[in-house]
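These notes are about the structure you will find just below.
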Number of protein chains: 2
Amino acid sequence: MAVDTLETRELRYFMAVAEELHFGRAAERLGMAQPPLSRAIQQLERRLGVSLLERNRRGVSLTGAGEVLLHEGRAALDATTAAVRRTRRAGGADSPGGPRHRLVLAVKAAGSHELLQKLLDAYAAEPDAAEIEVLPCGICEQEELLRDGRADVALMHAPYNSLAGFDSEELQTEGQIAILPARHPLAARRTLSLADVSDIPDLPLARWPHHGTYPPGPGPEVHDQTQLAQLIALGRTVAVLPDSARAWLWAEHTAVPLTDAPPVVTHIAWPAHSRSLVLAGLIRTATQL
Amino acid sequence: MAVDTLETRELRYFMAVAEELHFGRAAERLGMAQPPLSRAIQQLERRLGVSLLERNRRGVSLTGAGEVLLHEGRAALDATTAAVRRTRRAGGADSPGGPRHRLVLAVKAAGSHELLQKLLDAYAAEPDAAEIEVLPCGICEQEELLRDGRADVALMHAPYNSLAGFDSEELQTEGQIAILPARHPLAARRTLSLADVSDIPDLPLARWPHHGTYPPGPGPEVHDQTQLAQLIALGRTVAVLPDSARAWLWAEHTAVPLTDAPPVVTHIAWPAHSRSLVLAGLIRTATQL
DNA sequence: CCCTGTCATACCCGGTAGGTATCACTGAGT
DNA sequence: ACTCAGTGATACCTACCGGGTATGACAGGG
């Protein structure tokens with residue numbers, strides 16, 4: 001093999017070891033025996049001319065170069081699986097007499113429902129509209145879905161989502177509100193500040209998972225809107241959300257505008273290298289809403 | 001092999017065929033015989049369950065899925081070679097007693113020389129400064145260098161460079177000037193508009209290569225600043241450039257501010273997934289200039 | 001009608017990825 | 001201190017498959 005190539009297989013092997021930090025478990029995860037895995041990693045290190053793993057007594061740790069390959073390799077593997085997924089999708093819909101591409105649009109479940117509705121309606125009215133599959137997902141998951149090709153385009157919400165690495169267009173800006181139990185004293189206020197709601201002794205701020213982990217804090221951990229709504233209704237927590245959350249308020253909830261919360265900007269985002277005409281049509285529709 | 005994997009080798013093979021649209025030439029480029037290449041592509045198509053190439057009599061053309069794989073595969077291959085390059089760099093400098101990472105900074109040759117100088121000086125004064133290798137490159141080449149890992153960070157100039165797919169911070173904004181032959185009548189003006197300089201019959205606008213190709217137009221094709229300077233001095237062309245180009249004007253040149261040209265914004269840009277501490281240090285220095 | 005250019009098929013060979021058995025080493029527990 | 005459990009490395013074997021050569025099938029062009 002050429003000395004400066006890196007096969008997908010080798011990369012998968014290395015990622016498994018780098019994540020498990022244990023050859024045996026990594027081999028098990030890969031569905032193979034440990035010795036060939038050890039050998040494969042050694043060959044990889046020899047070919048790259050770089051030491052990737054520190055074999056200590058009792059376990060394995062990453063060298064500096066190993067850390068780099070862990071990060072860069074993740075991006076490369078994601079790009080590869082994205083290529084497979086998007087090619088398969090393009091091929092499956094590639095019927096004769098006009099390619100009927102289908103786009104997968106990732107949206108935070110129940111986020112900006114109104115905007116999504118308007119977008120889908122407007123796009124469906126376009127003359128050469130493709131089929132749009134809506135893929136609901138958790139917070140922050142859009143980025144991963146775009147990167148590994150499970151989605152082609154996403155609605156994202158700055159500053160909750162990071163637009164880094166994607167192309168995007170701004171769609172709408174909204175203020176944020178605090179959603180409180182209606183019986184709480186603060187619910188009577190006309191406006192609130194972030195400081196007001198972040199330090200209520202009997203009403204700690206709810207915590208959402210961010211890239212799989214919850215930020216530290218006293219508040220309850222919630223992972224969907226229903227859980228959150230219930231906890232607020234029960235007077236156990238308070239949440240800060242974009243204006244459009246008013247659409248699903250319960251009777252036991254009160255929404256109070258926040259004066260100093262950063263505005264939430266909804267973007268339509270897609271992988272920067274996309275060149276699909278279908279995607280371009282959807283983006284055009286979205287920006288003209 | 002698992003049915004949903006795509007080996008780097010297969011991707012390289014497909015890219016060669018997709019670009020050459022000819023199995024024989026592609027095989028030659030890959031340094032192999034044609035039959036195994038044909039077979040490899042067939043296996044790939046079978047495993048993906050998608051037809052990638054249309055084998056017409058007398059040649060080959062891409063199907064829709066093939067077009068998608070050509071684009072997505074390019075990104076995936078770039079990400080893979082980037083992983084190798086960056087890992088090698090990290091490993092080479094990984095001497096005991098403190099990793100001495102080295103960053104590669106891509107800059108448009110002779111672009112914003114003053115800013116670059118300030119940045120390098122300021123960064124070198126930092127307590128834990130790494131070594132910065134400056135990689136001069138042609139117009140628009142920064143993006144490619146960042147994508148395939150030959151560079152870690154770049155100075156880019158919106159709107160000439162596209163920041164799509166990268167993280168970036170704004171460093172400076174400057175106006176644009178027209179650089180004319182000093183003896184030309186328009187050189188006497190205090191200011192000019194874009195319309196003034198884009199339609200001078202005897203002085204067509206010079207054309208720079210953009211991603212390898214020249215835009216159409218009557219002006220001369222130039223690919224470096226010296227060529228351009230000479231053609232202007234000879235009274236053959238006019239150019240629109242950022243303010244900082246005043247630094248290298250010749251005696252035979254006259255710079256006239258443009259009133260309606262879009263401002264040029266210099267950014268420092270890096271791959272969105274970068275997590276390197278060394279890079280973070282350089283970026284911090286840059287934004288505090 | 002042959003000849004040329006193109007991609008596909010048939011067949012063979014060698015390298016190598018992967019399996020099993022085992023070794024070498026080290027830390028923990030008694 | 002000795003053993004034992006757990007780790008990664010080594011040795012060796014096998015089977016698969018990636019790659020080569022020879023050739024076929026087919027279409028256009030002179």
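Chains: A, B, ... in order of the structure tokens. Residues: from 1 per chain. Ligands: from 1, in order shown.
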Applying 9 Å and only C-alpha atoms (C1' of nucleotides), which residues near B:Ala229 remain after dropping the ones on its own chain fewer than 2 positions away? List them as an MDAnalysis selection string.
chainID B and resid 179 224:227 231:234 248:250 253
Surrounding residues of D:DA5 excluding itself and chain neighbours under 2 positions, 10 Å, only C-alpha atoms (C1' of nucleotides), as a PDB file with N, CA and C atoms (P, O5', C5', C4', C3', O3' and C1' of nucleotides), in the first residue's frame:
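Full text of part-v9.pdb as output:
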ATOM      1  P    DG C  27       3.644  -2.342  37.313  1.00  0.00           P
ATOM      2  O5'  DG C  27       2.338  -2.356  38.228  1.00  0.00           O
ATOM      3  C5'  DG C  27       1.074  -2.431  37.579  1.00  0.00           C
ATOM      4  C4'  DG C  27       0.112  -3.245  38.405  1.00  0.00           C
ATOM      5  C3'  DG C  27       0.167  -2.987  39.913  1.00  0.00           C
ATOM      6  O3'  DG C  27      -1.159  -2.776  40.350  1.00  0.00           O
ATOM      7  C1'  DG C  27       0.334  -5.306  39.477  1.00  0.00           C
ATOM      8  P    DA C  28      -1.481  -2.303  41.776  1.00  0.00           P
ATOM      9  O5'  DA C  28      -2.317  -3.552  42.334  1.00  0.00           O
ATOM     10  C5'  DA C  28      -3.298  -4.155  41.474  1.00  0.00           C
ATOM     11  C4'  DA C  28      -3.875  -5.392  42.132  1.00  0.00           C
ATOM     12  C3'  DA C  28      -4.043  -5.285  43.646  1.00  0.00           C
ATOM     13  O3'  DA C  28      -5.230  -5.952  44.022  1.00  0.00           O
ATOM     14  C1'  DA C  28      -2.577  -7.080  43.138  1.00  0.00           C
TER      15       DA C  28
ATOM     16  P    DT D   3       5.086 -19.766  42.727  1.00  0.00           P
ATOM     17  O5'  DT D   3       3.564 -19.335  42.571  1.00  0.00           O
ATOM     18  C5'  DT D   3       2.673 -19.502  43.667  1.00  0.00           C
ATOM     19  C4'  DT D   3       1.356 -18.813  43.372  1.00  0.00           C
ATOM     20  C3'  DT D   3       0.794 -19.095  41.977  1.00  0.00           C
ATOM     21  O3'  DT D   3      -0.611 -19.308  42.099  1.00  0.00           O
ATOM     22  C1'  DT D   3       0.958 -16.781  42.305  1.00  0.00           C
ATOM     23  P    DT D   7      -8.017  -6.867  31.012  1.00  0.00           P
ATOM     24  O5'  DT D   7      -6.782  -6.443  30.124  1.00  0.00           O
ATOM     25  C5'  DT D   7      -5.991  -5.332  30.547  1.00  0.00           C
ATOM     26  C4'  DT D   7      -4.623  -5.469  29.989  1.00  0.00           C
ATOM     27  C3'  DT D   7      -4.536  -5.556  28.478  1.00  0.00           C
ATOM     28  O3'  DT D   7      -4.518  -4.274  27.924  1.00  0.00           O
ATOM     29  C1'  DT D   7      -2.963  -6.996  29.588  1.00  0.00           C
TER      30       DT D   7
END
Counting only C-alpha atoms (C1' of nucleotides), collect the residues of chain A whose closest atom lies at most 8 Å from chain D, and write them out as a compact mmCIF listing (two decimals) with N, CA and C atoms, in the first residue's frame.
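File written: part15.txt
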# COMPACT_ATOMS: atom_id res chain seq x y z
N PHE A 23 -7.35 -2.82 24.03
CA PHE A 23 -7.36 -3.59 22.79
C PHE A 23 -8.44 -4.68 22.81
N PRO A 35 -5.45 -10.11 18.66
CA PRO A 35 -4.13 -10.06 18.02
C PRO A 35 -4.12 -9.34 16.68
N SER A 38 -4.17 -5.60 17.33
CA SER A 38 -2.86 -5.10 17.76
C SER A 38 -1.94 -4.92 16.57
N ARG A 55 1.62 2.37 25.25
CA ARG A 55 1.26 1.13 25.93
C ARG A 55 1.90 1.10 27.30
N ARG A 57 2.02 -0.26 31.21
CA ARG A 57 1.59 -1.43 31.93
C ARG A 57 0.14 -1.14 32.31
N ARG A 58 -0.69 -2.14 32.18
CA ARG A 58 -2.09 -1.99 32.59
C ARG A 58 -2.81 -0.90 31.78
N GLY A 59 -2.90 -1.10 30.49
CA GLY A 59 -3.74 -0.19 29.73
C GLY A 59 -3.02 0.64 28.70
Within 9 Å of chain A: residues of chain C, using only C-alpha atoms (C1' of nucleotides), as a list in words:
DA17, DG18, DG19, DC25, DT26 and DG27 of chain C
Residue list for chain A near chain B as a VMD selection string, 9 Å, only C-alpha atoms
chain A and resid 4 to 9 48 to 52 63 to 73 75 to 92 94 99 163 to 168 271 to 276
Atom CA of A:Ala130 sits from atom CA of A:Leu145 at a separation of 20.0 Å
DSSP strand (DSSP E) residues within stretch 8-109 of chain B, listed as an MDAnalysis selection string
chainID B and resid 53:55 60:62 102:108
Resulting file, chosen residues, N, CA and C atoms, as a compact mmCIF listing (two decimals), in the first residue's frame:
# COMPACT_ATOMS: atom_id res chain seq x y z
N LEU B 53 -22.27 4.47 -12.52
CA LEU B 53 -21.79 4.85 -13.85
C LEU B 53 -22.70 4.27 -14.91
N GLU B 54 -22.90 5.05 -15.94
CA GLU B 54 -23.67 4.61 -17.10
C GLU B 54 -22.65 4.16 -18.15
N ARG B 55 -22.58 2.85 -18.40
CA ARG B 55 -21.64 2.38 -19.42
C ARG B 55 -22.32 2.45 -20.77
N VAL B 60 -18.13 6.38 -20.76
CA VAL B 60 -18.77 6.23 -19.46
C VAL B 60 -19.32 7.60 -19.04
N SER B 61 -20.46 7.61 -18.38
CA SER B 61 -20.96 8.86 -17.81
C SER B 61 -21.50 8.59 -16.41
N LEU B 62 -21.63 9.65 -15.63
CA LEU B 62 -22.05 9.52 -14.24
C LEU B 62 -23.58 9.49 -14.13
N ARG B 102 3.59 22.44 15.73
CA ARG B 102 3.90 23.46 14.77
C ARG B 102 2.64 23.69 13.95
N LEU B 103 2.28 24.94 13.78
CA LEU B 103 1.08 25.26 13.02
C LEU B 103 1.48 25.72 11.62
N VAL B 104 0.68 25.35 10.64
CA VAL B 104 0.90 25.83 9.29
C VAL B 104 -0.18 26.85 8.97
N LEU B 105 0.26 28.05 8.67
CA LEU B 105 -0.65 29.16 8.39
C LEU B 105 -0.60 29.49 6.90
N ALA B 106 -1.74 29.34 6.22
CA ALA B 106 -1.78 29.63 4.78
C ALA B 106 -2.17 31.08 4.56
N VAL B 107 -1.39 31.79 3.76
CA VAL B 107 -1.74 33.17 3.43
C VAL B 107 -1.61 33.37 1.93
N LYS B 108 -2.49 34.19 1.42
CA LYS B 108 -2.38 34.57 0.01
C LYS B 108 -1.06 35.31 -0.14
Pairwise distance for atom CA of B:Arg189 and atom CA of B:Ala251, rounded to one decimal in Å
17.2 Å
Extract, using only C-alpha atoms (C1' of nucleotides), all DNA, RNA and protein residues at most 9 Å from A:Pro263, discarding same-chain residues fewer than 2 positions from it, and format them as a ChimeraX atom specification.
/A:158-159,173-176,242,260-261,265
Emit the selected residues as a PDB file, in the first residue's frame, including N, CA and C atoms.
ATOM      1  N   ALA A 158     -29.244  29.294  16.698  1.00  0.00           N
ATOM      2  CA  ALA A 158     -28.144  29.938  17.412  1.00  0.00           C
ATOM      3  C   ALA A 158     -28.740  30.664  18.604  1.00  0.00           C
ATOM      4  N   PRO A 159     -28.101  30.706  19.744  1.00  0.00           N
ATOM      5  CA  PRO A 159     -26.775  30.159  20.007  1.00  0.00           C
ATOM      6  C   PRO A 159     -26.797  28.724  20.545  1.00  0.00           C
ATOM      7  N   THR A 173     -35.571  35.703  13.773  1.00  0.00           N
ATOM      8  CA  THR A 173     -35.001  36.030  15.069  1.00  0.00           C
ATOM      9  C   THR A 173     -36.142  36.219  16.055  1.00  0.00           C
ATOM     10  N   GLU A 174     -36.001  35.640  17.223  1.00  0.00           N
ATOM     11  CA  GLU A 174     -37.042  35.833  18.227  1.00  0.00           C
ATOM     12  C   GLU A 174     -36.406  36.079  19.588  1.00  0.00           C
ATOM     13  N   GLY A 175     -37.165  36.740  20.449  1.00  0.00           N
ATOM     14  CA  GLY A 175     -36.706  36.956  21.811  1.00  0.00           C
ATOM     15  C   GLY A 175     -36.889  35.693  22.621  1.00  0.00           C
ATOM     16  N   GLN A 176     -36.507  35.748  23.870  1.00  0.00           N
ATOM     17  CA  GLN A 176     -36.713  34.583  24.727  1.00  0.00           C
ATOM     18  C   GLN A 176     -37.646  34.928  25.878  1.00  0.00           C
ATOM     19  N   PRO A 242     -37.241  30.161  23.488  1.00  0.00           N
ATOM     20  CA  PRO A 242     -37.603  31.164  22.491  1.00  0.00           C
ATOM     21  C   PRO A 242     -39.101  31.470  22.548  1.00  0.00           C
ATOM     22  N   ASP A 260     -33.091  40.704  28.835  1.00  0.00           N
ATOM     23  CA  ASP A 260     -31.665  40.698  28.493  1.00  0.00           C
ATOM     24  C   ASP A 260     -31.165  39.350  27.984  1.00  0.00           C
ATOM     25  N   ALA A 261     -32.095  38.454  27.604  1.00  0.00           N
ATOM     26  CA  ALA A 261     -31.641  37.174  27.066  1.00  0.00           C
ATOM     27  C   ALA A 261     -31.215  37.375  25.605  1.00  0.00           C
ATOM     28  N   VAL A 265     -31.737  32.907  17.010  1.00  0.00           N
ATOM     29  CA  VAL A 265     -31.813  33.053  15.568  1.00  0.00           C
ATOM     30  C   VAL A 265     -31.949  31.672  14.935  1.00  0.00           C
TER      31      VAL A 265
END
Check stretch 33-215 of chain A with DSSP on the backbone and list each residue it calls alpha helix (DSSP H), as a ChimeraX atom specification.
/A:34-48,64-92,113-124,141-147,194-198
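Restricting the calculation to only C-alpha atoms, the smallest distance between B:Leu289 and any of B:Asp199, B:Pro262, B:Gly219, B:Ile268 is found for B:Ile268.
In this structure, atom CA of B:Glu133 sits 15.6 Å away from atom CA of B:Ala286.
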